Amino acid sequence: MKKLMLATLLSAAVASPVWAADYRIDDQGAHASINFKVKHLGYSWLTGRFNTFSGNFSYDPANVEASVISVDIDTNSIDSNHAKRDKHLRSADFLEVDKYPDAKFVSTKVEVTGEDEMTVYGDFTLRGVTKNIAIDASKVGEGKDPWGGYRAGFEGVAEIDMADYGFATDFGTVMLELHVEGIRI
């Protein structure tokens with residue numbers, strides 16, 4: 001009986017399809033970034049980034065639509081390369097980090113739009129408000145790394161309207177630029 005059960009389990013394992021691989025976003029090695037830009041008074045671009053974030057994703061190149069992404073952002077880590085401005089961006093006029101220390105993105109759907117091209121739909125929560133956003137994304141590449149691991153990299157762009165998230169000061173549309181390199185776990 002034990003031999004029959006073992007044979008059944010082994011044959012089921014061999015016949016099972018390959019499942020999506022899980023990845024941890026490489027935020028420690030500076031191989032990922034969350035950047036933004038917004039028009040400043042209509043005259044120029046204010047650019048910056050969030051220095052602290054973490055996340056995971058599942059990805060199977062044979063079934064891209066089944067991909068799942070989750071990213072947590074520490075809003076206090078905003079960095080526009082100007083300490084006085086960053087203090088203002090952390091205030092109630094903008095991110096209100098004392099009340100809303102985190103922002104979060106959780107995918108709800110991935111749609112393939114071309115070879116290595118996709119639109120990632122998901123819920124983005126900022127300042128306690130959750131809205132569905134779309135990220136136009138593409139796979140940069142994947143493969144073995146020099147340390148014996150396996151990585152996959154993506155880039156994407158999205159836009160959010162400040163008015164949708166209840167900002168006291170509203171400069172309009174914020175452009176997000178995302179670079180994600182994941183380490184298979």
# chains A, B, ... in the order shown; residues from 1 in each chain; ligands from 1
$ select_by_dssp --residues "range 60-92 of chain A" --states "helix (DSSP H, G or I)" --output "PDB file with N, CA, C and O atoms, in the first residue's frame"
ATOM      1  N   VAL A  64       1.737  34.842 -17.866  1.00  0.00           N
ATOM      2  CA  VAL A  64       1.955  36.191 -17.323  1.00  0.00           C
ATOM      3  C   VAL A  64       0.693  36.730 -16.647  1.00  0.00           C
ATOM      4  O   VAL A  64       0.765  37.414 -15.621  1.00  0.00           O
ATOM      5  N   GLU A  65      -0.481  36.392 -17.190  1.00  0.00           N
ATOM      6  CA  GLU A  65      -1.745  36.899 -16.636  1.00  0.00           C
ATOM      7  C   GLU A  65      -1.967  36.464 -15.187  1.00  0.00           C
ATOM      8  O   GLU A  65      -2.735  37.084 -14.466  1.00  0.00           O
ATOM      9  N   ALA A  66      -1.297  35.407 -14.754  1.00  0.00           N
ATOM     10  CA  ALA A  66      -1.457  34.915 -13.380  1.00  0.00           C
ATOM     11  C   ALA A  66      -0.504  35.615 -12.407  1.00  0.00           C
ATOM     12  O   ALA A  66      -0.503  35.302 -11.214  1.00  0.00           O
ATOM     13  N   THR A  75       6.162  56.082   3.264  1.00  0.00           N
ATOM     14  CA  THR A  75       5.999  57.447   2.733  1.00  0.00           C
ATOM     15  C   THR A  75       6.960  58.440   3.387  1.00  0.00           C
ATOM     16  O   THR A  75       7.295  59.455   2.778  1.00  0.00           O
ATOM     17  N   ASN A  76       7.425  58.138   4.587  1.00  0.00           N
ATOM     18  CA  ASN A  76       8.386  59.015   5.268  1.00  0.00           C
ATOM     19  C   ASN A  76       9.740  59.025   4.553  1.00  0.00           C
ATOM     20  O   ASN A  76      10.548  59.924   4.760  1.00  0.00           O
ATOM     21  N   SER A  77       9.962  58.049   3.677  1.00  0.00           N
ATOM     22  CA  SER A  77      11.258  57.943   2.988  1.00  0.00           C
ATOM     23  C   SER A  77      11.312  58.779   1.712  1.00  0.00           C
ATOM     24  O   SER A  77      12.263  58.656   0.934  1.00  0.00           O
ATOM     25  N   ALA A  83      16.092  68.840   1.696  1.00  0.00           N
ATOM     26  CA  ALA A  83      15.576  68.515   3.029  1.00  0.00           C
ATOM     27  C   ALA A  83      14.375  69.367   3.439  1.00  0.00           C
ATOM     28  O   ALA A  83      13.393  68.840   3.988  1.00  0.00           O
ATOM     29  N   LYS A  84      14.415  70.669   3.179  1.00  0.00           N
ATOM     30  CA  LYS A  84      13.309  71.538   3.579  1.00  0.00           C
ATOM     31  C   LYS A  84      12.035  71.185   2.801  1.00  0.00           C
ATOM     32  O   LYS A  84      10.941  71.118   3.353  1.00  0.00           O
ATOM     33  N   ARG A  85      12.180  70.925   1.508  1.00  0.00           N
ATOM     34  CA  ARG A  85      11.023  70.532   0.693  1.00  0.00           C
ATOM     35  C   ARG A  85      10.499  69.170   1.140  1.00  0.00           C
ATOM     36  O   ARG A  85       9.289  68.958   1.240  1.00  0.00           O
ATOM     37  N   ASP A  86      11.399  68.233   1.449  1.00  0.00           N
ATOM     38  CA  ASP A  86      10.967  66.907   1.888  1.00  0.00           C
ATOM     39  C   ASP A  86      10.159  66.995   3.178  1.00  0.00           C
ATOM     40  O   ASP A  86       9.171  66.275   3.344  1.00  0.00           O
ATOM     41  N   LYS A  87      10.564  67.893   4.071  1.00  0.00           N
ATOM     42  CA  LYS A  87       9.792  68.098   5.304  1.00  0.00           C
ATOM     43  C   LYS A  87       8.381  68.575   4.953  1.00  0.00           C
ATOM     44  O   LYS A  87       7.398  68.110   5.537  1.00  0.00           O
ATOM     45  N   HIS A  88       8.253  69.483   3.997  1.00  0.00           N
ATOM     46  CA  HIS A  88       6.944  69.963   3.566  1.00  0.00           C
ATOM     47  C   HIS A  88       6.144  68.839   2.888  1.00  0.00           C
ATOM     48  O   HIS A  88       4.935  68.712   3.117  1.00  0.00           O
ATOM     49  N   LEU A  89       6.808  68.017   2.070  1.00  0.00           N
ATOM     50  CA  LEU A  89       6.121  66.907   1.409  1.00  0.00           C
ATOM     51  C   LEU A  89       5.597  65.878   2.411  1.00  0.00           C
ATOM     52  O   LEU A  89       4.606  65.203   2.151  1.00  0.00           O
TER      53      LEU A  89
END
$ residues_around --residues "Ile78 in chain A" --least-positions-apart "5" --cutoff "10 Å" --atoms "only C-alpha atoms" --output "list of chain:residue names"
A:Ile34, A:Asn35, A:Phe36, A:Gly48, A:Arg49, A:Phe50, A:Asn51, A:Thr52, A:Ile73, A:Ala83, A:Asp86, A:Lys87, A:Leu89, A:Arg90, A:Leu95, A:Val97
$ closest_residue --among "A:Ala134, A:Thr125, A:Leu41, A:Ser107" --to "Asp170 in chain A" --atoms "only C-alpha atoms"
A:Leu41
$ residues_around --residues "Ile160 in chain A" --least-positions-apart "5" --cutoff "8 Å" --atoms "only C-alpha atoms" --output "list in words"
Ile133, Thr173, Val174, Met175 and Leu176 of chain A
$ residues_around --residues "Gly148 in chain A" --least-positions-apart "4" --cutoff "12 Å" --atoms "only C-alpha atoms" --output "list of chain:residue names"
A:Gly143, A:Lys144, A:Ile183, A:Arg184, A:Ile185
$ write_last_selection --atoms "all heavy atoms" --output "compact mmCIF listing (two decimals), in the first residue's frame"
# COMPACT_ATOMS: atom_id res chain seq x y z
N GLY A 143 17.15 35.84 -15.59
CA GLY A 143 18.18 34.83 -15.71
C GLY A 143 18.96 34.65 -14.43
O GLY A 143 18.67 35.28 -13.41
N LYS A 144 19.96 33.78 -14.51
CA LYS A 144 20.81 33.48 -13.36
C LYS A 144 21.69 34.68 -13.06
O LYS A 144 22.15 35.37 -13.96
CB LYS A 144 21.68 32.26 -13.63
CG LYS A 144 20.89 30.98 -13.75
CD LYS A 144 21.80 29.80 -14.02
CE LYS A 144 20.98 28.53 -14.15
NZ LYS A 144 21.82 27.37 -14.44
N ILE A 183 14.46 38.90 -6.80
CA ILE A 183 15.31 37.73 -6.55
C ILE A 183 14.39 36.56 -6.24
O ILE A 183 13.55 36.65 -5.34
CB ILE A 183 16.26 37.98 -5.36
CG1 ILE A 183 17.11 39.23 -5.60
CG2 ILE A 183 17.12 36.75 -5.12
CD1 ILE A 183 17.83 39.70 -4.35
N ARG A 184 14.52 35.49 -7.00
CA ARG A 184 13.67 34.31 -6.77
C ARG A 184 13.89 33.77 -5.35
O ARG A 184 15.03 33.65 -4.90
CB ARG A 184 13.95 33.22 -7.79
CG ARG A 184 12.97 32.05 -7.69
CD ARG A 184 13.26 30.96 -8.67
NE ARG A 184 12.86 31.36 -10.00
CZ ARG A 184 13.21 30.68 -11.09
NH1 ARG A 184 13.96 29.60 -11.02
NH2 ARG A 184 12.79 31.09 -12.27
N ILE A 185 12.78 33.51 -4.68
CA ILE A 185 12.86 32.97 -3.31
C ILE A 185 12.40 31.53 -3.27
O ILE A 185 11.81 31.03 -4.17
CB ILE A 185 12.06 33.82 -2.31
CG1 ILE A 185 10.65 34.08 -2.80
CG2 ILE A 185 12.76 35.14 -2.09
CD1 ILE A 185 9.78 34.89 -1.84
$ residues_around --residues "Phe105 in chain A" --least-positions-apart "6" --cutoff "6 Å" --atoms "only C-alpha atoms" --output "list in words"
Ser70, Val71, Asp123 and Phe124 of chain A
$ write_last_selection --atoms "N, CA, C and O atoms" --output "CSV table (one decimal), in the first residue's frame"
chain,number,residue,atom,x,y,z
A,70,SER,N,2.8,42.8,-5.0
A,70,SER,CA,2.4,43.5,-3.8
A,70,SER,C,3.6,44.4,-3.4
A,70,SER,O,4.7,43.8,-3.3
A,71,VAL,N,3.4,45.7,-3.2
A,71,VAL,CA,4.5,46.6,-2.8
A,71,VAL,C,4.1,47.5,-1.7
A,71,VAL,O,3.0,48.0,-1.7
A,123,ASP,N,-4.8,48.0,-6.9
A,123,ASP,CA,-5.3,48.9,-6.0
A,123,ASP,C,-4.1,49.6,-5.4
A,123,ASP,O,-3.2,49.0,-4.8
A,124,PHE,N,-4.1,51.0,-5.5
A,124,PHE,CA,-3.0,51.8,-4.9
A,124,PHE,C,-3.6,52.6,-3.8
A,124,PHE,O,-4.6,53.3,-4.0
$ closest_residue --among "A:Gly166, A:Gly29, A:Gly172, A:Gly182" --to "Gly153 in chain A" --atoms "only C-alpha atoms"
A:Gly182
$ residues_around --residues "Val180 in chain A" --least-positions-apart "5" --cutoff "7 Å" --atoms "only C-alpha atoms" --output "NGL selection string"
:A and (25 or 31-33 or 153-155)
$ closest_residue --among "A:Asp22, A:Glu159, A:Asp98, A:Asp93" --to "Ile69 in chain A" --atoms "only C-alpha atoms"
A:Asp22
$ atom_distance --atom1 "CA of Tyr23 in chain A" --atom2 "CA of Tyr150 in chain A"
9.1 Å
$ atom_distance --atom1 "CA of Lys99 in chain A" --atom2 "CA of Asn132 in chain A"
21.6 Å
$ closest_residue --among "A:Asn63, A:Arg151, A:Ser91, A:Val140" --to "Val112 in chain A" --atoms "only C-alpha atoms"
A:Asn63
$ select_by_dssp --residues "range 20-155 of chain A" --states "strand (DSSP E or B)" --output "JSON, numbers by chain"
{"A": [21, 22, 23, 24, 25, 33, 34, 35, 36, 37, 38, 39, 40, 44, 45, 46, 47, 48, 49, 50, 53, 54, 55, 56, 57, 58, 59, 68, 69, 70, 71, 72, 73, 74, 78, 79, 102, 103, 104, 105, 106, 107, 108, 109, 110, 111, 112, 113, 114, 117, 118, 119, 120, 121, 122, 123, 124, 125, 126, 129, 130, 131, 132, 133, 134, 135, 136, 137, 138, 139, 140, 141, 142, 143, 144, 150, 151, 152, 153, 154, 155]}
$ write_last_selection --atoms "C-alpha atoms" --output "mmCIF file, in the first residue's frame"
data_model
loop_
_atom_site.group_PDB
_atom_site.id
_atom_site.type_symbol
_atom_site.label_atom_id
_atom_site.label_comp_id
_atom_site.auth_asym_id
_atom_site.auth_seq_id
_atom_site.Cartn_x
_atom_site.Cartn_y
_atom_site.Cartn_z
ATOM 1 C CA ALA A 21 8.124 31.497 -9.267
ATOM 2 C CA ASP A 22 8.011 33.837 -6.288
ATOM 3 C CA TYR A 23 10.376 36.791 -6.079
ATOM 4 C CA ARG A 24 11.372 39.318 -3.421
ATOM 5 C CA ILE A 25 11.994 42.820 -4.744
ATOM 6 C CA SER A 33 13.433 52.135 -7.386
ATOM 7 C CA ILE A 34 10.166 54.020 -7.094
ATOM 8 C CA ASN A 35 10.594 57.434 -8.678
ATOM 9 C CA PHE A 36 8.138 60.248 -9.248
ATOM 10 C CA LYS A 37 7.872 63.555 -11.015
ATOM 11 C CA VAL A 38 5.257 66.276 -10.835
ATOM 12 C CA LYS A 39 5.069 69.695 -12.429
ATOM 13 C CA HIS A 40 6.131 72.479 -10.081
ATOM 14 C CA SER A 44 9.460 72.784 -14.210
ATOM 15 C CA TRP A 45 9.524 69.212 -12.945
ATOM 16 C CA LEU A 46 9.990 68.247 -9.317
ATOM 17 C CA THR A 47 11.557 64.788 -9.216
ATOM 18 C CA GLY A 48 12.192 62.410 -6.372
ATOM 19 C CA ARG A 49 11.958 58.888 -5.070
ATOM 20 C CA PHE A 50 10.924 56.770 -2.133
ATOM 21 C CA PHE A 53 9.927 50.034 0.188
ATOM 22 C CA SER A 54 9.523 46.286 0.003
ATOM 23 C CA GLY A 55 7.513 43.840 -1.999
ATOM 24 C CA ASN A 56 7.033 40.498 -3.640
ATOM 25 C CA PHE A 57 5.742 39.180 -6.911
ATOM 26 C CA SER A 58 4.941 35.871 -8.565
ATOM 27 C CA TYR A 59 5.815 35.519 -12.221
ATOM 28 C CA VAL A 68 0.631 38.826 -8.615
ATOM 29 C CA ILE A 69 2.435 41.901 -7.243
ATOM 30 C CA SER A 70 2.427 43.539 -3.810
ATOM 31 C CA VAL A 71 4.521 46.571 -2.807
ATOM 32 C CA ASP A 72 4.643 48.509 0.484
ATOM 33 C CA ILE A 73 6.116 52.028 0.504
ATOM 34 C CA ASP A 74 7.338 53.967 3.545
ATOM 35 C CA ILE A 78 10.336 60.507 0.308
ATOM 36 C CA ASP A 79 13.488 62.110 -1.078
ATOM 37 C CA ASP A 102 2.494 53.687 4.288
ATOM 38 C CA ALA A 103 1.358 53.500 0.717
ATOM 39 C CA LYS A 104 0.560 50.142 -0.869
ATOM 40 C CA PHE A 105 0.024 48.621 -4.297
ATOM 41 C CA VAL A 106 -1.659 45.231 -4.745
ATOM 42 C CA SER A 107 -2.281 43.924 -8.248
ATOM 43 C CA THR A 108 -5.749 42.765 -9.252
ATOM 44 C CA LYS A 109 -5.150 41.817 -12.902
ATOM 45 C CA VAL A 110 -2.325 41.551 -15.424
ATOM 46 C CA GLU A 111 -3.089 41.893 -19.115
ATOM 47 C CA VAL A 112 -0.525 40.983 -21.775
ATOM 48 C CA THR A 113 -0.317 43.745 -24.394
ATOM 49 C CA GLY A 114 2.651 42.537 -26.482
ATOM 50 C CA GLU A 117 4.686 44.058 -22.493
ATOM 51 C CA MET A 118 1.783 44.162 -20.057
ATOM 52 C CA THR A 119 -0.609 46.372 -18.167
ATOM 53 C CA VAL A 120 -0.730 45.717 -14.440
ATOM 54 C CA TYR A 121 -3.975 46.821 -12.806
ATOM 55 C CA GLY A 122 -4.221 47.123 -9.071
ATOM 56 C CA ASP A 123 -5.310 48.940 -5.965
ATOM 57 C CA PHE A 124 -3.037 51.773 -4.900
ATOM 58 C CA THR A 125 -3.565 53.115 -1.394
ATOM 59 C CA LEU A 126 -2.160 56.543 -0.516
ATOM 60 C CA VAL A 129 -7.553 56.374 -0.098
ATOM 61 C CA THR A 130 -7.555 53.342 -2.395
ATOM 62 C CA LYS A 131 -7.963 53.772 -6.148
ATOM 63 C CA ASN A 132 -7.464 51.380 -9.037
ATOM 64 C CA ILE A 133 -4.492 52.339 -11.214
ATOM 65 C CA ALA A 134 -2.878 50.901 -14.337
ATOM 66 C CA ILE A 135 0.863 50.440 -14.749
ATOM 67 C CA ASP A 136 2.211 50.079 -18.284
ATOM 68 C CA ALA A 137 5.029 47.603 -17.741
ATOM 69 C CA SER A 138 7.599 45.605 -19.640
ATOM 70 C CA LYS A 139 9.979 42.827 -18.756
ATOM 71 C CA VAL A 140 13.587 43.973 -18.930
ATOM 72 C CA GLY A 141 15.051 40.480 -18.587
ATOM 73 C CA GLU A 142 15.523 37.410 -16.431
ATOM 74 C CA GLY A 143 18.185 34.827 -15.714
ATOM 75 C CA LYS A 144 20.807 33.483 -13.357
ATOM 76 C CA TYR A 150 17.801 33.812 -10.330
ATOM 77 C CA ARG A 151 16.403 37.285 -11.060
ATOM 78 C CA ALA A 152 13.669 38.893 -13.124
ATOM 79 C CA GLY A 153 13.460 42.603 -13.884
ATOM 80 C CA PHE A 154 10.623 44.869 -14.979
ATOM 81 C CA GLU A 155 10.001 48.560 -15.548
#
